[in-house]
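**Student:** Next comes the structure file work_31.tsv, holding TSV, C-alpha atoms.
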chain	number	residue	atom	x	y	z
A	1	GLN	CA	-81.75	-7.50	-21.59
A	2	CYS	CA	-79.73	-5.29	-19.24
A	3	HIS	CA	-78.85	-1.72	-20.22
A	4	ASP	CA	-76.15	0.45	-18.73
A	5	TYR	CA	-78.17	3.69	-18.42
A	6	SER	CA	-75.08	5.61	-17.33
A	7	LYS	CA	-73.93	5.53	-20.97
A	8	LEU	CA	-77.15	6.68	-22.62
A	9	LEU	CA	-77.53	10.03	-24.33
A	10	THR	CA	-79.61	11.70	-21.60
A	11	LEU	CA	-79.64	15.05	-19.84
A	12	ASP	CA	-77.89	13.46	-16.87
A	13	ASN	CA	-74.96	12.53	-19.12
A	14	ALA	CA	-74.76	15.85	-20.96
A	15	LYS	CA	-71.30	16.69	-19.64
A	16	GLU	CA	-69.97	13.45	-21.07
A	17	ILE	CA	-71.23	14.28	-24.58
A	18	PRO	CA	-70.82	18.08	-24.86
A	19	GLU	CA	-71.27	18.24	-28.64
A	20	ILE	CA	-74.99	17.35	-28.29
A	21	GLY	CA	-77.84	19.67	-27.28
A	22	TYR	CA	-80.52	18.54	-24.82
A	23	PHE	CA	-84.08	19.62	-24.12
A	24	ASN	CA	-83.65	21.36	-20.78
A	25	ASP	CA	-86.71	20.30	-18.78
A	26	ARG	CA	-85.28	22.05	-15.73
A	27	TYR	CA	-85.60	25.32	-17.66
A	28	ARG	CA	-89.26	24.55	-18.40
A	29	ASN	CA	-90.02	23.50	-14.81
A	30	ILE	CA	-88.33	26.47	-13.15
A	31	VAL	CA	-89.63	29.14	-15.54
A	32	LYS	CA	-93.13	27.76	-16.22
A	33	GLY	CA	-93.79	25.35	-13.40
A	34	ILE	CA	-93.73	21.73	-12.38
A	35	GLY	CA	-96.42	19.49	-13.72
A	36	SER	CA	-97.65	18.52	-17.12
A	37	LEU	CA	-101.37	18.98	-16.77
A	38	PRO	CA	-103.17	22.28	-17.32
A	39	GLN	CA	-103.24	22.75	-13.55
A	40	GLN	CA	-99.60	22.94	-12.54
A	41	THR	CA	-98.63	21.16	-9.35
A	42	GLU	CA	-96.37	24.13	-8.66
A	43	ASN	CA	-96.17	27.38	-10.63
A	44	GLY	CA	-92.77	28.53	-11.84
A	45	PHE	CA	-90.86	31.77	-11.37
A	46	VAL	CA	-92.59	33.76	-14.14
A	47	LEU	CA	-95.95	32.93	-12.56
A	48	GLY	CA	-94.75	34.43	-9.28
A	49	ASN	CA	-93.16	31.54	-7.37
A	50	GLN	CA	-90.23	33.17	-5.58
A	51	ASN	CA	-88.98	29.75	-4.43
A	52	PHE	CA	-87.55	29.45	-7.94
A	53	ALA	CA	-85.69	32.79	-7.92
A	54	SER	CA	-82.22	31.26	-7.55
A	55	GLY	CA	-83.08	28.45	-9.93
A	56	PHE	CA	-84.21	31.04	-12.45
A	57	LYS	CA	-80.76	32.66	-12.41
A	58	PHE	CA	-79.27	29.22	-13.06
A	59	VAL	CA	-81.43	28.32	-16.07
A	60	PHE	CA	-81.47	31.90	-17.42
A	61	SER	CA	-77.68	31.71	-17.72
A	62	GLY	CA	-77.65	28.48	-19.71
A	63	SER	CA	-77.50	25.99	-16.82
A	64	VAL	CA	-73.69	26.05	-17.06
A	65	THR	CA	-72.69	27.81	-13.85
A	66	ASN	CA	-72.82	26.49	-10.30
A	67	LEU	CA	-75.22	29.13	-9.02
A	68	THR	CA	-77.92	27.12	-7.26
A	69	TYR	CA	-77.53	23.72	-8.80
A	70	PRO	CA	-74.47	21.93	-10.17
A	71	SER	CA	-73.97	22.84	-13.81
A	72	LEU	CA	-75.85	20.62	-16.24
A	73	PHE	CA	-73.80	21.42	-19.31
A	74	VAL	CA	-70.28	22.15	-20.42
A	75	PHE	CA	-71.46	24.70	-22.99
A	76	PRO	CA	-74.55	26.95	-23.06
A	77	SER	CA	-75.26	25.70	-26.59
A	78	GLN	CA	-76.17	22.31	-25.07
A	79	SER	CA	-79.17	23.86	-23.28
A	80	VAL	CA	-82.24	23.74	-25.51
A	81	ASN	CA	-84.55	26.03	-23.54
A	82	TYR	CA	-88.26	25.54	-24.09
A	83	LEU	CA	-91.62	26.23	-22.48
A	84	GLU	CA	-93.95	24.34	-24.81
A	85	CYS	CA	-93.59	21.30	-27.03
A	86	HIS	CA	-95.88	18.76	-28.73
A	87	ASP	CA	-96.47	17.08	-25.38
A	88	ASN	CA	-98.01	18.80	-22.38
A	89	CYS	CA	-100.55	21.57	-22.72
A	90	ALA	CA	-99.94	24.67	-24.78
A	91	LEU	CA	-98.35	27.53	-22.84
A	92	PHE	CA	-101.48	29.65	-23.28
A	93	ASP	CA	-103.62	26.89	-21.69
A	94	THR	CA	-101.14	26.34	-18.87
A	95	ILE	CA	-101.05	30.05	-17.97
A	96	LYS	CA	-104.83	30.35	-18.10
A	97	GLU	CA	-105.51	27.26	-15.98
A	98	SER	CA	-102.71	27.53	-13.45
A	99	MET	CA	-103.51	31.18	-12.69
A	100	ASN	CA	-107.32	30.68	-12.90
A	101	LEU	CA	-107.56	33.51	-15.42
A	102	ILE	CA	-110.68	34.27	-17.41
A	103	ASP	CA	-109.48	37.40	-19.23
A	104	ASP	CA	-107.45	36.34	-22.29
A	105	ASP	CA	-105.78	39.78	-22.43
A	106	ILE	CA	-104.11	39.06	-19.07
A	107	VAL	CA	-103.12	35.58	-20.25
A	108	LEU	CA	-101.53	37.17	-23.34
A	109	LYS	CA	-99.54	39.60	-21.16
A	110	TYR	CA	-98.13	36.62	-19.27
A	111	LEU	CA	-97.47	34.91	-22.59
A	112	ASP	CA	-95.40	37.91	-23.71
A	113	LEU	CA	-93.44	37.74	-20.46
A	114	PHE	CA	-92.75	34.03	-20.98
A	115	ASN	CA	-91.67	34.53	-24.58
A	116	LYS	CA	-89.41	37.46	-23.64
A	117	THR	CA	-87.85	35.36	-20.90
A	118	LEU	CA	-87.20	32.50	-23.31
A	119	LEU	CA	-85.69	34.68	-26.03
A	120	LEU	CA	-83.48	36.58	-23.56
A	121	SER	CA	-82.14	33.45	-21.85
A	122	VAL	CA	-78.71	32.06	-22.64
A	123	GLY	CA	-78.77	28.83	-24.64
A	124	VAL	CA	-80.69	27.60	-27.68
A	125	CYS	CA	-84.33	28.67	-27.90
A	126	PHE	CA	-86.97	26.18	-28.96
A	127	ILE	CA	-90.26	27.80	-29.95
A	128	HIS	CA	-93.25	25.59	-30.64
A	129	ALA	CA	-95.41	26.69	-33.58
A	130	GLY	CA	-98.25	28.84	-32.27
A	131	GLN	CA	-96.62	29.52	-28.91
A	132	GLU	CA	-95.87	33.08	-29.98
A	133	ILE	CA	-99.54	33.91	-30.64
A	134	GLY	CA	-101.13	32.06	-27.75
A	135	PHE	CA	-102.35	29.02	-29.66
A	136	SER	CA	-104.58	26.81	-27.52
A	137	LYS	CA	-104.83	23.03	-27.69
A	138	LYS	CA	-108.05	23.19	-25.64
A	139	ASN	CA	-106.27	21.83	-22.55
A	140	HIS	CA	-105.31	18.60	-24.26
A	141	HIS	CA	-102.16	17.21	-22.74
A	142	ASN	CA	-100.47	15.46	-25.66
A	143	THR	CA	-101.82	16.09	-29.15
A	144	TYR	CA	-99.12	14.53	-31.31
A	145	ASN	CA	-101.68	12.08	-32.74
A	146	GLU	CA	-104.84	14.22	-32.48
A	147	GLY	CA	-104.87	15.67	-35.98
A	148	ASP	CA	-105.69	19.13	-37.27
A	149	GLU	CA	-108.44	19.95	-34.77
A	150	PHE	CA	-105.78	20.44	-32.10
A	151	ASN	CA	-102.59	20.91	-34.09
A	152	ASN	CA	-103.40	22.90	-37.23
A	153	PHE	CA	-101.76	26.35	-37.23
A	154	ASP	CA	-104.47	29.02	-36.96
A	155	TYR	CA	-103.63	31.78	-39.44
A	156	ASP	CA	-106.71	33.75	-38.46
A	157	LEU	CA	-105.39	33.87	-34.91
A	158	LEU	CA	-102.02	34.98	-36.29
A	159	ASP	CA	-103.73	37.88	-38.08
A	160	GLU	CA	-105.62	38.78	-34.90
A	161	ARG	CA	-102.48	38.66	-32.74
A	162	PHE	CA	-99.87	39.72	-35.25
A	163	ASP	CA	-98.27	41.98	-32.63
A	164	LYS	CA	-97.23	38.79	-30.78
A	165	ALA	CA	-95.44	37.46	-33.87
A	166	THR	CA	-93.80	40.87	-34.34
A	167	LEU	CA	-92.60	40.79	-30.73
A	168	MET	CA	-90.98	37.38	-31.33
A	169	ARG	CA	-89.35	38.58	-34.55
A	170	ASN	CA	-87.89	41.59	-32.74
A	171	LEU	CA	-86.61	39.45	-29.87
A	172	ILE	CA	-84.95	37.06	-32.33
A	173	LEU	CA	-83.28	40.03	-34.07
A	174	HIS	CA	-82.16	41.29	-30.65
A	175	ARG	CA	-80.54	37.90	-29.94
A	176	LYS	CA	-78.76	37.89	-33.28
A	177	ASN	CA	-77.23	41.31	-32.57
A	178	ARG	CA	-76.01	40.72	-29.01
A	179	PRO	CA	-72.61	39.11	-28.38
A	180	ILE	CA	-73.74	37.44	-25.15
A	181	TYR	CA	-75.85	34.95	-27.11
A	182	LYS	CA	-72.80	33.85	-29.09
A	183	ILE	CA	-70.69	33.07	-26.00
A	184	ASP	CA	-70.27	29.34	-25.60
A	185	ASN	CA	-68.07	29.28	-22.53
A	186	ALA	CA	-69.33	28.78	-18.97
A	187	LEU	CA	-66.71	31.05	-17.37
A	188	GLU	CA	-67.52	33.94	-19.69
A	189	ILE	CA	-71.24	33.49	-19.08
A	190	LYS	CA	-70.62	33.63	-15.33
A	191	ASP	CA	-68.80	36.94	-15.81
A	192	VAL	CA	-71.43	38.65	-17.98
A	193	VAL	CA	-74.72	37.46	-16.46
A	194	THR	CA	-75.66	39.29	-13.26
What does the file become when written as structure tokens?
**Tutor:**
Amino acid sequence: QCHDYSKLLTLDNAKEIPEIGYFNDRYRNIVKGIGSLPQQTENGFVLGNQNFASGFKFVFSGSVTNLTYPSLFVFPSQSVNYLECHDNCALFDTIKESMNLIDDDIVLKYLDLFNKTLLLSVGVCFIHAGQEIGFSKKNHHNTYNEGDEFNNFDYDLLDERFDKATLMRNLILHRKNRPIYKIDNALEIKDVVT
């Protein structure tokens, strides 16, 4: 059976179907890094890779302006920005492994920086349960079928790191009270993001 892939609902066709939102893997790769294993093949901008500086401006502003790359979307609301999902390692594990960090306090500082970046970026934020508190999946790559040992939400960890959940709550409230996050027009975004 032959398929015409040019007509499928994919990120590459996002401009053709502007009423749909898309997981923006370019956001993930530029901000966090390229690679899906705990050891990134290339760290992203937040982990210090300056090669992604221009790309960061592009994804930070909703991937709708021709800054470094051609725009991916017609509207910023099409860009579902994410750093962690059910597949790939948890953000906490990725930071720890890709930076060769032993001290969890340093990993958690990076985690805060990642979460701030996500919540301050233009577009729709996708936050995986446990990402805000540094939940670890013990370096397992894809745990969708691994059960509670790897996927159960750890409420004890939430109590221990409640300041992380509070930070996320405050960032979400910040987003709700700032007009820039309600703009759904590429030209206006270009004017207000510097």
**Student:** For each of A:Ser121, A:Asn152, A:Asn24, A:Ser98, take the minimum atom-to-atom distance to Val80 (chain A), counting only C-alpha atoms, then give the residue where this is smallest.
**Tutor:**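 Checking each of A:Ser121, A:Asn152, A:Asn24, A:Ser98 against Val80 (chain A), counting only C-alpha atoms, the winner is A:Asn24.
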**Student:** Could you list as a ChimeraX atom specification every residue that has an atom within 6 Å of (-89.3, 21.5, -26.3), using the file's coordinates and counting all atoms listed in the file?
**Tutor:** /A:23,82,84-85,126
**Student:** Of the candidates A:Lys190, A:His141, A:His128, A:Arg28, which shows the shortest atom-to-atom distance to Leu83 (chain A), using all atoms listed in the file?
**Tutor:**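 Ranking A:Lys190, A:His141, A:His128, A:Arg28 by distance to Leu83 (chain A), first place goes to A:Arg28.
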**Student:** Between CA of Asn13 (chain A) and CA of Pro76 (chain A), what is the distance in Å, rounded to a tenth?
**Tutor:**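 Value for the CA of Asn13 (chain A)-CA of Pro76 (chain A) distance: 15.0 Å.
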**Student:** Just how far from CA of Tyr22 (chain A) is CA of Asn115 (chain A), in Å to one decimal?
**Tutor:**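 Between CA of Asn115 (chain A) and CA of Tyr22 (chain A) the gap works out to 19.5 Å.
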**Student:** So the first atom is CA of Val46 (chain A) and the second is CA of Ile102 (chain A); what is the distance between them in Å, to one decimal place?
**Tutor:** 18.4 Å
**Student:** Of the candidates A:Asn185, A:Gln131, A:Thr68, A:Asn151, which shows the shortest atom-to-atom distance to Ala165 (chain A), using all atoms listed in the file?
**Tutor:**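 Looking at the shortest contact to Ala165 (chain A), the residue is A:Gln131.
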**Student:** A:Lys15, A:Leu120, A:Gly44, A:Leu67: which is nearest His174 (chain A), counting all atoms listed in the file?
**Tutor:**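 Using all atoms listed in the file, the shortest distance to His174 (chain A) belongs to A:Leu120.
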**Student:** For Tyr27 (chain A), which of A:Phe56, A:Phe75, A:Phe162, A:Phe92 is the closest residue, counting only C-alpha atoms?
**Tutor:**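 Of A:Phe56, A:Phe75, A:Phe162, A:Phe92, the one nearest Tyr27 (chain A), counting only C-alpha atoms, is A:Phe56.
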**Student:** Can you work out which one of A:Tyr155, A:Phe58, A:Phe73, A:Phe52 has the shortest atom-to-atom distance to Thr10 (chain A), counting only C-alpha atoms?
**Tutor:** A:Phe73
**Student:** Identify, on the basis of all atoms listed in the file, every residue whose closest approach to Val74 (chain A) does not exceed 10 Å; exclude the query and any residue fewer than 5 positions from it along the same chain; express the result as a list in words.
**Tutor:**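 Contacts, with the query itself left out: Ala14, Lys15, Glu16, Ile17, Pro18, Glu19, Gly62, Ser63, Val64, Thr65, Ser79, Asp184, Asn185 and Ala186 of chain A.
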**Student:** As JSON, please report the centre and edge lengths, rounded to one decimal in Å, of the axis-aligned box that holds all listed atoms of region 84-102 of chain A with 3 Å of padding on each of the six sides.
**Tutor:**
{"center_x": -102.1, "center_y": 25.7, "center_z": -20.7, "size_x": 23.1, "size_y": 23.2, "size_z": 22.0}
**Student:** As a ChimeraX atom specification, please: the residues near Gly134 (chain A) (cut-off 9 Å, all atoms listed in the file, same-chain neighbours under 5 positions excluded).
**Tutor:** /A:90-93,107-108,111,157,161,164
